[in-house]
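Just query22.cif here, mmCIF, C-alpha atoms and all ligand atoms:
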```
data_start
#
loop_
_atom_site.label_atom_id
_atom_site.label_comp_id
_atom_site.auth_asym_id
_atom_site.auth_seq_id
_atom_site.Cartn_x
_atom_site.Cartn_y
_atom_site.Cartn_z
CA GLU O 1 -92.18 42.53 -108.41
CA SER O 2 -93.86 39.12 -108.39
CA THR O 3 -93.44 37.37 -111.72
CA LEU O 4 -94.57 34.27 -113.55
CA PHE O 5 -91.50 32.79 -115.27
CA VAL O 6 -92.19 30.45 -118.20
CA VAL O 7 -89.10 28.24 -118.14
CA SER O 8 -87.89 25.93 -120.91
CA THR O 9 -86.25 22.65 -119.86
CA PRO O 10 -84.22 20.16 -121.98
CA ILE O 11 -85.82 17.88 -124.61
CA GLY O 12 -83.39 15.06 -123.82
CA ASN O 13 -79.87 16.21 -123.11
CA LEU O 14 -79.69 17.71 -119.62
CA GLU O 15 -76.75 19.89 -120.69
CA ASP O 16 -79.28 22.00 -122.55
CA MET O 17 -80.62 23.33 -119.25
CA THR O 18 -79.61 27.00 -119.17
CA PRO O 19 -77.85 28.53 -116.15
CA ARG O 20 -80.64 31.12 -116.00
CA ALA O 21 -83.32 28.39 -115.87
CA ILE O 22 -81.53 26.78 -112.89
CA GLU O 23 -81.20 30.13 -111.12
CA VAL O 24 -84.85 31.09 -111.64
CA LEU O 25 -86.14 27.67 -110.54
CA LYS O 26 -84.07 27.98 -107.35
CA GLN O 27 -85.32 31.46 -106.57
CA VAL O 28 -89.08 31.28 -107.11
CA SER O 29 -91.46 30.32 -104.27
CA VAL O 30 -93.14 27.55 -106.19
CA ILE O 31 -92.78 25.63 -109.46
CA ALA O 32 -95.92 24.66 -111.38
CA ALA O 33 -95.03 21.43 -113.19
CA GLU O 34 -96.94 19.36 -115.74
CA ASP O 35 -95.87 16.14 -113.96
CA THR O 36 -94.20 16.64 -110.58
CA ARG O 37 -92.80 13.10 -110.42
CA HIS O 38 -91.20 13.48 -113.82
CA SER O 39 -89.76 16.91 -113.03
CA ARG O 40 -88.47 15.83 -109.61
CA LYS O 41 -85.61 14.03 -111.39
CA LEU O 42 -84.64 17.18 -113.26
CA LEU O 43 -84.78 19.32 -110.11
CA ASN O 44 -82.75 16.77 -108.13
CA HIS O 45 -80.12 16.68 -110.86
CA PHE O 46 -79.60 20.43 -110.56
CA GLY O 47 -79.97 20.60 -106.78
CA ILE O 48 -83.19 22.63 -106.94
CA GLU O 49 -85.27 22.29 -103.76
CA THR O 50 -88.18 24.59 -104.59
CA PRO O 51 -91.59 23.01 -103.87
CA MET O 52 -93.69 21.94 -106.87
CA ILE O 53 -97.40 21.88 -107.50
CA PRO O 54 -99.03 20.01 -110.40
CA CYS O 55 -100.41 22.03 -113.28
CA HIS O 56 -101.69 19.97 -116.20
CA GLU O 57 -104.58 20.00 -118.62
CA HIS O 58 -107.03 18.48 -116.10
CA ASN O 59 -106.48 20.97 -113.26
CA GLU O 60 -105.08 24.01 -115.03
CA ARG O 61 -108.17 26.18 -114.63
CA HIS O 62 -108.23 25.69 -110.86
CA GLN O 63 -104.44 25.92 -110.45
CA ALA O 64 -104.38 29.14 -112.45
CA GLU O 65 -106.56 30.75 -109.76
CA VAL O 66 -104.43 29.29 -106.95
CA LEU O 67 -101.20 30.51 -108.57
CA LEU O 68 -102.68 33.91 -109.41
CA ALA O 69 -103.56 34.38 -105.74
CA ARG O 70 -99.97 33.55 -104.75
CA LEU O 71 -98.58 35.97 -107.35
CA GLN O 72 -100.89 38.69 -106.06
CA GLN O 73 -99.58 38.04 -102.55
CA GLY O 74 -96.07 38.72 -103.79
CA ASP O 75 -94.75 35.23 -104.53
CA SER O 76 -92.94 34.48 -107.78
CA VAL O 77 -93.86 31.35 -109.71
CA ALA O 78 -92.14 29.29 -112.43
CA LEU O 79 -93.97 27.15 -114.96
CA ILE O 80 -92.28 24.10 -116.49
CA SER O 81 -93.51 21.20 -118.61
CA ASP O 82 -92.13 17.67 -118.99
CA ALA O 83 -89.76 18.78 -121.74
CA GLY O 84 -88.93 21.79 -123.85
CA THR O 85 -90.90 25.01 -123.88
CA PRO O 86 -94.19 25.16 -121.92
CA LEU O 87 -97.33 25.94 -123.99
CA ILE O 88 -95.81 24.46 -127.15
CA SER O 89 -98.08 21.39 -127.39
CA ASP O 90 -97.96 21.49 -123.60
CA PRO O 91 -100.06 22.97 -120.77
CA GLY O 92 -99.76 26.57 -119.62
CA PHE O 93 -102.02 28.63 -121.88
CA VAL O 94 -104.79 29.02 -119.30
CA LEU O 95 -102.31 30.00 -116.60
CA VAL O 96 -100.44 32.55 -118.71
CA ARG O 97 -103.69 34.04 -120.02
CA THR O 98 -105.24 34.32 -116.55
CA VAL O 99 -102.15 35.85 -114.98
CA ARG O 100 -101.53 38.28 -117.83
CA GLU O 101 -105.15 39.45 -117.79
CA GLN O 102 -104.67 40.45 -114.16
CA GLY O 103 -101.66 42.55 -115.07
CA VAL O 104 -99.06 40.29 -113.46
CA LYS O 105 -95.65 40.24 -115.13
CA VAL O 106 -94.92 37.16 -117.29
CA VAL O 107 -91.29 36.55 -118.26
CA PRO O 108 -89.87 33.88 -120.61
CA VAL O 109 -86.74 31.91 -119.76
CA PRO O 110 -86.15 30.45 -123.21
CA GLY O 111 -84.37 27.24 -124.10
CA ALA O 112 -84.95 23.98 -125.93
CA CYS O 113 -87.97 23.47 -128.19
CA ALA O 114 -88.23 20.38 -130.42
CA LEU O 115 -89.97 22.31 -133.22
CA VAL O 116 -87.25 24.95 -133.51
CA ALA O 117 -84.44 22.42 -133.09
CA ALA O 118 -85.83 20.33 -135.96
CA LEU O 119 -86.38 23.32 -138.23
CA SER O 120 -82.84 24.52 -137.65
CA VAL O 121 -81.28 21.35 -139.05
CA SER O 122 -83.88 20.37 -141.66
CA GLY O 123 -82.50 22.24 -144.64
CA LEU O 124 -86.07 23.28 -145.46
CA PRO O 125 -87.02 26.94 -145.92
CA THR O 126 -87.58 28.52 -142.49
CA ASP O 127 -88.36 32.11 -143.44
CA ARG O 128 -92.01 31.11 -143.08
CA PHE O 129 -93.43 28.00 -141.46
CA TYR O 130 -96.59 26.65 -139.94
CA PHE O 131 -96.87 24.44 -136.86
CA GLU O 132 -99.85 22.13 -136.49
CA GLY O 133 -98.92 20.45 -133.19
CA PHE O 134 -100.21 16.87 -132.98
CA LEU O 135 -102.35 15.54 -135.83
CA PRO O 136 -105.67 13.84 -134.99
CA ALA O 137 -105.21 10.30 -133.63
CA LYS O 138 -107.74 8.72 -136.00
CA SER O 139 -106.78 8.19 -139.62
CA SER O 140 -109.99 9.76 -141.02
CA GLY O 141 -109.49 12.99 -139.07
CA ARG O 142 -105.81 13.00 -139.84
CA LYS O 143 -106.33 12.68 -143.58
CA LYS O 144 -108.83 15.52 -143.56
CA LYS O 145 -106.34 17.73 -141.74
CA LEU O 146 -103.53 16.68 -144.11
CA GLU O 147 -105.64 17.73 -147.08
CA SER O 148 -105.77 21.32 -145.86
CA LEU O 149 -102.10 21.33 -144.78
CA GLY O 150 -101.05 19.79 -148.08
CA VAL O 151 -101.84 22.85 -150.19
CA MET O 152 -99.69 25.27 -148.17
CA THR O 153 -96.59 26.45 -150.01
CA ASN O 154 -94.57 27.11 -146.84
CA THR O 155 -92.75 24.53 -144.70
CA TRP O 156 -94.97 22.96 -142.04
CA ALA O 157 -94.40 20.76 -139.03
CA VAL O 158 -96.19 18.29 -136.77
CA TYR O 159 -95.27 16.47 -133.58
CA GLU O 160 -95.62 12.69 -133.68
CA SER O 161 -95.22 9.84 -131.23
CA THR O 162 -93.73 6.40 -131.63
CA HIS O 163 -97.17 4.69 -131.68
CA ARG O 164 -98.47 6.52 -134.69
CA ILE O 165 -95.50 7.39 -136.86
CA LEU O 166 -95.98 4.57 -139.42
CA ASP O 167 -99.76 5.06 -139.68
CA SER O 168 -99.21 8.78 -140.12
CA LEU O 169 -96.63 8.30 -142.86
CA ALA O 170 -99.07 6.02 -144.71
CA ASP O 171 -101.65 8.84 -144.60
CA PHE O 172 -99.01 11.34 -145.72
CA ARG O 173 -98.34 9.16 -148.77
CA GLU O 174 -102.03 8.84 -149.55
CA VAL O 175 -102.88 12.52 -149.19
CA LEU O 176 -99.65 14.38 -150.10
CA GLY O 177 -98.32 11.84 -152.58
CA ALA O 178 -95.31 9.51 -152.37
CA ASP O 179 -92.96 12.19 -153.72
CA ARG O 180 -93.50 14.97 -151.21
CA TYR O 181 -90.18 15.81 -149.53
CA ILE O 182 -90.15 15.46 -145.74
CA VAL O 183 -87.62 15.56 -142.92
CA LEU O 184 -88.02 13.36 -139.86
CA ALA O 185 -86.16 14.50 -136.74
CA ARG O 186 -86.09 11.74 -134.13
CA GLU O 187 -84.80 11.72 -130.55
CA MET O 188 -83.04 15.05 -130.89
CA THR O 189 -80.28 15.71 -128.34
CA LYS O 190 -80.54 12.07 -127.18
CA THR O 191 -78.37 9.00 -127.82
CA PHE O 192 -80.29 7.78 -130.87
CA GLU O 193 -80.77 11.14 -132.53
CA THR O 194 -81.44 10.69 -136.26
CA VAL O 195 -82.55 13.01 -139.01
CA ILE O 196 -83.92 11.33 -142.13
CA ALA O 197 -84.74 13.38 -145.21
CA GLY O 198 -86.32 12.15 -148.41
CA THR O 199 -89.61 11.59 -150.16
CA VAL O 200 -92.48 10.24 -148.07
CA GLU O 201 -91.99 6.89 -149.80
CA GLU O 202 -88.25 6.75 -149.07
CA VAL O 203 -88.65 7.71 -145.42
CA GLU O 204 -91.51 5.26 -144.92
CA LYS O 205 -89.39 2.47 -146.38
CA ILE O 206 -86.49 3.18 -144.01
CA LEU O 207 -88.83 3.00 -141.01
CA GLN O 208 -90.59 -0.15 -142.24
CA GLU O 209 -87.27 -1.91 -142.67
CA ASP O 210 -85.82 -0.91 -139.29
CA SER O 211 -88.18 -0.91 -136.33
CA ASN O 212 -85.54 0.92 -134.26
CA GLN O 213 -86.16 3.94 -136.48
CA CYS O 214 -89.80 3.96 -135.31
CA ARG O 215 -88.87 4.39 -131.64
CA GLY O 216 -88.90 7.60 -129.68
CA GLU O 217 -90.15 11.10 -130.32
CA PHE O 218 -90.50 12.73 -133.72
CA VAL O 219 -90.88 16.06 -135.39
CA VAL O 220 -92.08 15.69 -138.98
CA LEU O 221 -91.29 18.61 -141.26
CA VAL O 222 -92.91 18.83 -144.65
CA GLU O 223 -91.79 20.87 -147.63
CA GLY O 224 -94.48 23.20 -148.90
CA ALA O 225 -96.41 22.40 -152.08
CA ALA O 226 -94.75 23.67 -155.26
CA VAL O 227 -95.69 27.27 -156.04
CA GLN O 228 -97.73 27.53 -159.25
CA GLU O 229 -95.49 29.19 -161.87
CA GLU O 230 -96.86 32.60 -162.77
CA GLU O 231 -97.20 33.12 -166.51
CA THR O 232 -94.28 35.19 -167.66
CA VAL O 233 -94.87 38.21 -169.84
CA ASP O 234 -92.12 39.62 -172.05
CA PRO O 235 -91.07 43.26 -171.24
CA ASP O 236 -92.63 44.77 -174.39
CA THR O 237 -96.00 43.18 -173.76
CA ALA O 238 -95.79 44.30 -170.11
CA LYS O 239 -95.18 47.90 -171.21
CA LEU O 240 -98.09 47.75 -173.62
CA LEU O 241 -100.39 46.29 -170.96
CA LYS O 242 -99.39 49.06 -168.56
CA ARG O 243 -100.23 51.74 -171.14
CA LEU O 244 -103.53 50.12 -171.99
CA LEU O 245 -104.38 49.96 -168.28
CA GLN O 246 -103.76 53.70 -167.95
CA GLU O 247 -106.23 54.31 -170.79
CA LEU O 248 -108.97 52.46 -168.95
CA PRO O 249 -111.65 54.71 -167.46
N1 LIG O 301 -93.03 21.49 -125.26
C1 LIG O 301 -92.24 20.57 -126.04
C2 LIG O 301 -91.30 21.37 -126.97
O1 LIG O 301 -90.98 22.51 -126.64
O2 LIG O 301 -90.87 20.85 -127.98
C3 LIG O 301 -93.12 19.59 -126.81
C4 LIG O 301 -94.01 18.77 -125.92
S1 LIG O 301 -95.01 17.62 -126.79
C5 LIG O 301 -96.07 17.01 -125.53
C6 LIG O 301 -93.97 16.24 -127.04
C7 LIG O 301 -93.62 16.02 -128.52
O3 LIG O 301 -92.56 16.90 -128.88
C8 LIG O 301 -93.13 14.64 -128.86
O4 LIG O 301 -94.21 13.74 -129.13
C9 LIG O 301 -92.33 14.89 -130.11
O5 LIG O 301 -93.18 15.03 -131.23
C10 LIG O 301 -91.71 16.25 -129.79
N2 LIG O 301 -90.39 16.08 -129.14
C11 LIG O 301 -90.08 16.34 -127.86
N3 LIG O 301 -88.79 16.06 -127.62
C12 LIG O 301 -88.27 15.62 -128.79
C13 LIG O 301 -86.98 15.18 -129.20
N4 LIG O 301 -85.97 15.09 -128.32
N5 LIG O 301 -86.81 14.81 -130.49
C14 LIG O 301 -87.83 14.85 -131.37
N6 LIG O 301 -89.06 15.26 -131.03
C15 LIG O 301 -89.28 15.64 -129.76
#
```

Entire entry expressed as structure tokens:
Amino acid sequence: ESTLFVVSTPIGNLEDMTPRAIEVLKQVSVIAAEDTRHSRKLLNHFGIETPMIPCHEHNERHQAEVLLARLQQGDSVALISDAGTPLISDPGFVLVRTVREQGVKVVPVPGACALVAALSVSGLPTDRFYFEGFLPAKSSGRKKKLESLGVMTNTWAVYESTHRILDSLADFREVLGADRYIVLAREMTKTFETVIAGTVEEVEKILQEDSNQCRGEFVVLVEGAAVQEEETVDPDTAKLLKRLLQELP
């Protein structure tokens, strides 16, 4: 049965490539890749000779039709992005949606994802969390977004790049306050992997004082806003209230 495989690739350390990912990429007829030049290195490293076609945000609509036609002719296809799990702040949504709507089988080949890796080491509550992806590039838009994120009581996360990390942290301080607890996961699985936890003010200071700490790729995790304490009622009053409630018409 022809299948679209959505294949995760490493977020830095090539050892995180799964044996199943290698096997699937070798066996499909074609690999749809966000950036074929970038992915060529990965495929060469693992001796994968499958042809690639580009599939990125600017051609995804067209390529989805092309790939759907191939799937309907019986070919299997794999989708990869530059790093980590496709569709997670990466292209692939249009393709998966199109293919699924036509009843073609879509199968995940899971692996690395920066969001999940960061959450797993953050020490923040992970029973519930919210992922915003990338924040707006402009400070005004970013602050507006931070205002709505700032009231959530669950952990939340954003992706951030080296160019904007300091500007973003300044907006965090302004909107969320200097004391909000955050965890910055940088360059995970790579040589300069660092995880810095502290208040916005503390983390900002560390980055301002060491420009090396501003380099690379970041996941910023933010502790949820404090839950408003519910007023506590002593057991006798609670019992009385319950009885009074039952008397109500
Ligand atoms: N699809 C990818 C995934 O599964 O994580 C994310 C792709 S998104 C275009 C790239 C962003 O992911 C980076 O700007 C950074 O925020 C985050 N990221 C990717 N690799 C990372 C790493 N090794 N350490 C920290 N953050 C990373």

Pick the closest to Val222 of chain O from O:Gln27, O:Ser122, O:Ser148, O:Ser139: which is it, counting only C-alpha atoms? O:Ser122

For Gly133 of chain O, find every residue with an atom within 8 Å (counting all atoms listed in the file), except residues of its own chain fewer than 5 positions away, and show them as a VMD selection string. chain O and resid 88 to 89 157 to 159

Between atom C1 of ligand LIG 301 (chain O) and atom CA of Ser8 of chain O, what is the distance, to one decimal in Å? 8.6 Å

Quick one: residues within 7 Å of ligand LIG 301 (chain O), with only C-alpha atoms and all ligand atoms, as a PyMOL selection string? chain O and resi 11-12+81+83-90+112-115+159-161+185-190+217-219

Shell around Leu221 of chain O at 6 Å using only C-alpha atoms, local window under 5 positions removed, as a CSV table (one decimal) with C-alpha atoms, in the coordinates of the input:
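Heads up, here's the output in around.csv:
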```csv
chain,number,residue,atom,x,y,z
O,156,TRP,CA,-95.0,23.0,-142.0
O,157,ALA,CA,-94.4,20.8,-139.0
O,182,ILE,CA,-90.2,15.5,-145.7
O,183,VAL,CA,-87.6,15.6,-142.9
```

Which residues come within 10 Å of Gln63 of chain O, counting only C-alpha atoms, excluding same-chain residues fewer than 6 positions away, as a ChimeraX atom specification? /O:32,53-56,69,94-95

Looking at O:Val175, O:Leu207, O:Val227, O:Val7, which one is nearest to Lys144 of chain O, with distances taken over all atoms listed in the file?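 The closest residue to Lys144 of chain O is O:Val175.
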
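Taking atom CA of Leu71 of chain O and atom CA of Ser2 of chain O as endpoints, the distance between them is 5.8 Å.
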
Distance atom CA of Gly198 of chain O-atom CA of Glu231 of chain O, one decimal place? 29.8 Å

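Closest approach to Ala137 of chain O among O:Ser76, O:Thr50, O:Ser168, O:Thr9 is made by O:Ser168 (distances from only C-alpha atoms).
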
Please determine, counting all atoms listed in the file, which residue among O:His58, O:Arg243, O:Arg100, O:Lys138 has the shortest atom-to-atom distance to Glu34 of chain O.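 The closest residue to Glu34 of chain O is O:His58.
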
Given the point (-101.4, 36.4, -120.0) in the coordinates of this file, which residues lie within 12 Å, counting all atoms listed in the file, and how would they look as a PDB file with C-alpha atoms, keeping the file's coordinate frame?
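The resulting file, point13.pdb, is shown below:
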```pdb
ATOM      1  CA  THR O   3     -93.440  37.370-111.720  1.00  0.00           C
ATOM      2  CA  LEU O   4     -94.570  34.270-113.550  1.00  0.00           C
ATOM      3  CA  PHE O   5     -91.500  32.790-115.270  1.00  0.00           C
ATOM      4  CA  VAL O   6     -92.190  30.450-118.200  1.00  0.00           C
ATOM      5  CA  ALA O  64    -104.380  29.140-112.450  1.00  0.00           C
ATOM      6  CA  LEU O  68    -102.680  33.910-109.410  1.00  0.00           C
ATOM      7  CA  LEU O  87     -97.330  25.940-123.990  1.00  0.00           C
ATOM      8  CA  GLY O  92     -99.760  26.570-119.620  1.00  0.00           C
ATOM      9  CA  PHE O  93    -102.020  28.630-121.880  1.00  0.00           C
ATOM     10  CA  VAL O  94    -104.790  29.020-119.300  1.00  0.00           C
ATOM     11  CA  LEU O  95    -102.310  30.000-116.600  1.00  0.00           C
ATOM     12  CA  VAL O  96    -100.440  32.550-118.710  1.00  0.00           C
ATOM     13  CA  ARG O  97    -103.690  34.040-120.020  1.00  0.00           C
ATOM     14  CA  THR O  98    -105.240  34.320-116.550  1.00  0.00           C
ATOM     15  CA  VAL O  99    -102.150  35.850-114.980  1.00  0.00           C
ATOM     16  CA  ARG O 100    -101.530  38.280-117.830  1.00  0.00           C
ATOM     17  CA  GLU O 101    -105.150  39.450-117.790  1.00  0.00           C
ATOM     18  CA  GLN O 102    -104.670  40.450-114.160  1.00  0.00           C
ATOM     19  CA  GLY O 103    -101.660  42.550-115.070  1.00  0.00           C
ATOM     20  CA  VAL O 104     -99.060  40.290-113.460  1.00  0.00           C
ATOM     21  CA  LYS O 105     -95.650  40.240-115.130  1.00  0.00           C
ATOM     22  CA  VAL O 106     -94.920  37.160-117.290  1.00  0.00           C
ATOM     23  CA  VAL O 107     -91.290  36.550-118.260  1.00  0.00           C
ATOM     24  CA  PRO O 108     -89.870  33.880-120.610  1.00  0.00           C
TER      25      PRO O 108
END
```

Using all atoms listed in the file, which protein or nucleic acid residues come within 10 Å of Arg40 of chain O? Drop anything in the same chain fewer than 5 positions from it, and give the result as a ChimeraX atom specification. /O:33,35,45,48-49,51-52

Counting all atoms listed in the file, write as a PyMOL selection string all protein and nucleic acid residues lying at most 12 Å from (-106.3, 13.1, -142.3) in the file's frame. chain O and resi 134-150+167-176

Rank O:Asp234, O:Glu57, O:Glu193, O:Asp16 by their smallest atom-to-atom distance to Pro110 of chain O, using only C-alpha atoms, and report the top residue only. O:Asp16
